[in-house]
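Participant: Quick one: this structure, given as structure tokens, is what I'll be asking you about.
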4 protein chains.
Amino acid sequence: MAPAINLNADMGEGFGAYDIGNDDLLLSIVNSANIACGFHAGDPTVMHGLVLDAKKHGVSIGAHPGFNDLWGFGRRRIDMKPADLEYMIAYQVGALQGIAHYAGVKVTHVKPHGALYNMASENEDYAAAIGRGIKTVDPSLIYVLLSGSVMEKAAEKVGLKYAREGFVDRTYEDDGNLTSRKIEGSVIRDPKVAAERVVRMVLDGEVTARSGKKIKRRIDSLCIHGDEPTSAAVGKAARDALVAAGVRVLPLPEMPLG
Amino acid sequence: MAPAINLNADMGEGFGAYDIGNDDLLLSIVNSANIACGFHAGDPTVMHGLVLDAKKHGVSIGAHPGFNDLWGFGRRRIDMKPADLEYMIAYQVGALQGIAHYAGVKVTHVKPHGALYNMASENEDYAAAIGRGIKTVDPSLIYVLLSGSVMEKAAEKVGLKYAREGFVDRTYEDDGNLTSRKIEGSVIRDPKVAAERVVRMVLDGEVTARSGKKIKRRIDSLCIHGDEPTSAAVGKAARDALVAAGVRVLPLPEMPLG
Amino acid sequence: MAPAINLNADMGEGFGAYDIGNDDLLLSIVNSANIACGFHAGDPTVMHGLVLDAKKHGVSIGAHPGFNDLWGFGRRRIDMKPADLEYMIAYQVGALQGIAHYAGVKVTHVKPHGALYNMASENEDYAAAIGRGIKTVDPSLIYVLLSGSVMEKAAEKVGLKYAREGFVDRTYEDDGNLTSRKIEGSVIRDPKVAAERVVRMVLDGEVTARSGKKIKRRIDSLCIHGDEPTSAAVGKAARDALVAAGVRVLPLPEMPLG
Amino acid sequence: MAPAINLNADMGEGFGAYDIGNDDLLLSIVNSANIACGFHAGDPTVMHGLVLDAKKHGVSIGAHPGFNDLWGFGRRRIDMKPADLEYMIAYQVGALQGIAHYAGVKVTHVKPHGALYNMASENEDYAAAIGRGIKTVDPSLIYVLLSGSVMEKAAEKVGLKYAREGFVDRTYEDDGNLTSRKIEGSVIRDPKVAAERVVRMVLDGEVTARSGKKIKRRIDSLCIHGDEPTSAAVGKAARDALVAAGVRVLPLPEMPLG
């Protein structure tokens, strides 16, 4: 069977009068949308519009819960009690399920946003709290998490299916973590470079660090960011290269997950 | 068959470090809890605690969505677009459904809060938007609404089951509306007076206005407020009097609704 | 002495990761900036950037307080108690004063935002509450208000200097109110038309309604909106036409106010 | 000259319909009030009420700025950029100054709240950002900070007068930090014990750790918490003992600060 990959993107991050990102373009590239749930971004009307659009494009939908911090766009670490965090996840997933009824589609995955994702990838308590919140709401939900991080162990302990995520437009360090955005060159803006890298990730199951070191990383889903002017070109090139290499590009619920 | 009535109360209106109301006492009096959903009050942790407590008391749960106005506690009218309002309702109902999984119970009704309830009782556009939000999320939900108001017509048009609400501790005007809280005597604090009134409401299907005028009002559910020092005594007296009069006091899902 | 006019615009309405409007362009056209104060839009960092930019352009600054409703961008009417409203105004004006110290400039005017402006122009209680909040913080502040509305009377009773506002890019009705945005043609997008109209407003002290009727309106300050693609061209044309007609275009504190 | 001390308490931490703390009682014990500024708690109406009450009691007022986190009551650490933090402080101090005009009193100190205080006491970047925000708004403001922490150095570098704070009802560790609240016995609830300790702190300039170790700590101001049932008794006993020991108990602006 040909190898398979999912492409995902964060979407629906506008709020009221505010617009941000490039949802229309991304919907034509990815298979799965991570939809902001009103805490770090998104509002019920934005969410409503996006579930309808995602359905139109055959894109599967997931919740993209974040910290309750609109000012910081969910990018600031907040030191929450794991119990509060867990119920906050259940709340946001439930809220998106409520809105998803407008499109008659099922919420099939959950990917934490921004600083919450980063904290969970380093702190198993956070990763597990998120997992428990997800599982309580719907045990068939797929937990999208950083490949190779403690989130994998947390998902296993909680007993959730999970998808290991890699990044189309970011470089890695020797320890398998993403290069900090503060470092020159950490964001890949050349579509050709990105295309070549993702094919290697998917076919060889490894990422190449900035140093040239090769790191084993099983990747089930590749994230395309929407906030660079080059995002769409990079995302499109990555998708085209994967298809040309014979990789099946699938929505998350159709992915063979470990 | 003996006449039946439901008793409901608004609950879970704390937020973070803030506590308010008297949920413990009310849970032992009512059959159905209207749970704040995080917009005018309530947070995921408060909601979590309440769904568990409600289950323990055999109290059915409903969403109590309100305006996105914590400062005003949902008591200030906000002039929203009906579409925004509709999706806001779906969001809040979904969020409570998410949390209700912790108790393994079903959300079975929705009652709008404060200024939103008041606006809906006067404005069919608002009442219908709320109804559409409810129905989209779950068409079996019961819409709790002001007996005799335009909300009844809205619920019928939308095609939802509904429960007509009356008030245990408030006086009425000749037009069937509640006496404004600003008017002396509008809140009934004498348990005996309240007890006698509710028995008449349920058995005769009519409320007596301040003027003495009798107004036909079918009442399926009686609301007990929790914010007066006399609330518990008034609520308990009302319940006891109803039981003594042979009225069956039931959770909302067991009520015979028109 | 040549006639004089002030040009103002609403600015600093971004929030965190969200950007909106066209502040850079507007700062080169207007003399006075109305700066959002963190309730309907704006955050401390956005406010900080704007007070520095305004100073650089020699543009006088004022507070642009709005309802506590980021989701609605301050465009939804909220039914507040006048006392709450009054203190909310004092709070927001004080907050901008705090930030204005970074530029070493004085806050010299206050113009309410959006739905709050509209409500105040119809409801003298609201207009007076705003006036009292302004006066308490600094009795030398100029209250920018809708020319011909009840706000004028409120400002006089409270004892504040005020500037009567007109609109560069909006048509008027026979009663002197602005044509609703919902009506085709209510927004003037043709720079030549706008330029001609503003010269008539300032030199003749009258606005021409859609019907052709002429209405007396003393105008001290003209508002240029920033949210139309044509805004900058319309604003620039208005300014150039006024200068060409010999009108002095001044910051608010230099305007001769009645 | 007799030794002098200031007594302070955090106040005005209600919000809208929510009440918390025990402001009335505390106002009769302390000389200085730290007033919440609307971010972690407090709203313009609460702030308004408190500046009037403080004036009535001859209690000096200060800003008590916190993180923008009402849900967490400012007790959760948030990883902000120092620049955002700095402007957020200026905003909150300015807002309280706006409201203080209602009482005709001057804001004379600033004490950060909760997690922000804790972070600043460990992280000089945070402590300095707060200091710069304070100084920009008014260089005569007194920075209330944890005695012996990096905040002292930050205040000196920024060039602000500061008051070193100790705690009436908390035990210390050998390193001079407060014992974690999670440890049994960390909160002193016995008025006699508290009274004896504060007299030693003020007269000897040292605190006694749980181990018995004596640590030099200059204390200019003692904080009385308001959230324990024993708070008022402990605070009153502390005050009475200080007065009996001949210590002058003064508002912050009258304190001789180093």
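Order determines the names: the first chain of the structure tokens is A, the second B, and so forth; residues in each chain are numbered 1 upward, and ligands are numbered 1 upward as they are shown.
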List every residue of range 4-135 of chain A that DSSP, applied to the backbone, labels as strand (DSSP E), and write the result as a PyMOL selection string.

Facilitator: chain A and resi 4-11+32-36+60-64+107-110

Participant: Could you list the residues in chain B lying within 7 Å of chain A, using only C-alpha atoms, and format the result as a list of chain:residue names?

Facilitator: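 That gives B:Pro44, B:Thr45, B:His48, B:Asp84, B:Tyr87, B:Met88, B:Ala90, B:Tyr91, B:Gln92, B:Val93, B:Gly94, B:Ala95, B:Leu96, B:Gln97, B:Gly98, B:Ile99, B:His101, B:Tyr102, B:Thr136, B:Val137 for chain B.
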
Participant: Could you save the residues just selected, with N, CA and C atoms, as a short mmCIF file (atom, residue, chain, number, x, y, z; two decimals), in the first residue's frame?

Facilitator:
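Heads up, here's the output in result.cif:
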data_model
loop_
_atom_site.label_atom_id
_atom_site.label_comp_id
_atom_site.auth_asym_id
_atom_site.auth_seq_id
_atom_site.Cartn_x
_atom_site.Cartn_y
_atom_site.Cartn_z
N PRO B 44 -15.38 26.48 32.90
CA PRO B 44 -15.39 25.01 32.71
C PRO B 44 -15.31 24.23 34.01
N THR B 45 -14.57 24.73 34.98
CA THR B 45 -14.41 24.00 36.24
C THR B 45 -15.69 24.07 37.08
N HIS B 48 -18.17 21.77 35.43
CA HIS B 48 -17.82 20.38 35.73
C HIS B 48 -18.34 19.97 37.11
N ASP B 84 -25.57 36.03 14.87
CA ASP B 84 -24.54 35.91 15.92
C ASP B 84 -25.12 35.26 17.17
N TYR B 87 -25.68 31.43 16.72
CA TYR B 87 -24.48 30.59 16.80
C TYR B 87 -23.90 30.63 18.23
N MET B 88 -24.08 31.76 18.90
CA MET B 88 -23.63 31.86 20.30
C MET B 88 -24.38 30.86 21.18
N ALA B 90 -25.72 27.96 20.08
CA ALA B 90 -25.23 26.62 19.72
C ALA B 90 -23.89 26.36 20.39
N TYR B 91 -23.04 27.38 20.43
CA TYR B 91 -21.72 27.25 21.05
C TYR B 91 -21.86 26.91 22.53
N GLN B 92 -22.70 27.67 23.23
CA GLN B 92 -22.81 27.47 24.68
C GLN B 92 -23.47 26.13 25.01
N VAL B 93 -24.46 25.76 24.25
CA VAL B 93 -25.11 24.46 24.49
C VAL B 93 -24.09 23.34 24.24
N GLY B 94 -23.34 23.46 23.15
CA GLY B 94 -22.33 22.44 22.86
C GLY B 94 -21.28 22.36 23.95
N ALA B 95 -20.87 23.50 24.46
CA ALA B 95 -19.86 23.52 25.51
C ALA B 95 -20.35 22.76 26.75
N LEU B 96 -21.61 23.00 27.12
CA LEU B 96 -22.14 22.26 28.28
C LEU B 96 -22.25 20.77 27.97
N GLN B 97 -22.64 20.43 26.76
CA GLN B 97 -22.68 19.01 26.39
C GLN B 97 -21.30 18.38 26.56
N GLY B 98 -20.26 19.13 26.14
CA GLY B 98 -18.90 18.63 26.30
C GLY B 98 -18.61 18.29 27.76
N ILE B 99 -18.96 19.21 28.63
CA ILE B 99 -18.69 19.02 30.07
C ILE B 99 -19.61 17.96 30.68
N HIS B 101 -20.41 15.20 29.64
CA HIS B 101 -19.87 13.84 29.51
C HIS B 101 -19.17 13.39 30.80
N TYR B 102 -18.69 14.33 31.59
CA TYR B 102 -18.04 13.94 32.85
C TYR B 102 -19.02 13.25 33.79
N THR B 136 -30.62 23.14 16.13
CA THR B 136 -29.51 22.64 15.31
C THR B 136 -28.63 21.69 16.13
N VAL B 137 -28.41 22.04 17.38
CA VAL B 137 -27.53 21.21 18.20
C VAL B 137 -28.22 19.90 18.58
#

Participant: Can you list, as a ChimeraX atom specification, all residues belonging to range 48-143 of chain C that DSSP tags as helix (DSSP H, G or I)?

Facilitator: /C:48-56,82-100,114-122,124-137

Participant: Considering only C-alpha atoms, return as a list of chain:residue names whatever protein or nucleic-acid residues lie within 9 Å of Gly148 in chain A, sequence-local ones (same chain, fewer than 6 positions apart) excluded.

Facilitator: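 Answer for this query is A:Ser121, A:Arg164, A:Glu165, A:Gly176, A:Asn177, A:Lys216, A:Arg217, A:Arg218.
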
Participant: Would you output that residue set with C-alpha atoms, as a short mmCIF file (atom, residue, chain, number, x, y, z; two decimals), in the first residue's frame?

Facilitator:
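Below is the file part_13.cif, written as the result:
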data_model
loop_
_atom_site.label_atom_id
_atom_site.label_comp_id
_atom_site.auth_asym_id
_atom_site.auth_seq_id
_atom_site.Cartn_x
_atom_site.Cartn_y
_atom_site.Cartn_z
CA SER A 121 5.06 18.76 24.25
CA ARG A 164 2.22 12.46 15.01
CA GLU A 165 2.74 15.88 13.56
CA GLY A 176 14.27 16.76 17.30
CA ASN A 177 12.69 19.99 18.47
CA LYS A 216 13.87 9.36 13.03
CA ARG A 217 10.40 10.81 13.28
CA ARG A 218 7.25 9.06 12.25
#

Participant: One number please: CA of Glu228 in chain B to CA of Ala17 in chain D, in Å, one decimal.

Facilitator: 13.6 Å

Participant: At a cut-off of 10 Å, using only C-alpha atoms, what residues contact Leu242 in chain D? Leave out same-chain residues fewer than 2 positions from it and give the result as JSON, numbers by chain.

Facilitator: {"D": [3, 4, 5, 195, 196, 198, 199, 200, 202, 203, 236, 237, 238, 239, 240, 244, 245, 246, 247, 248, 249]}
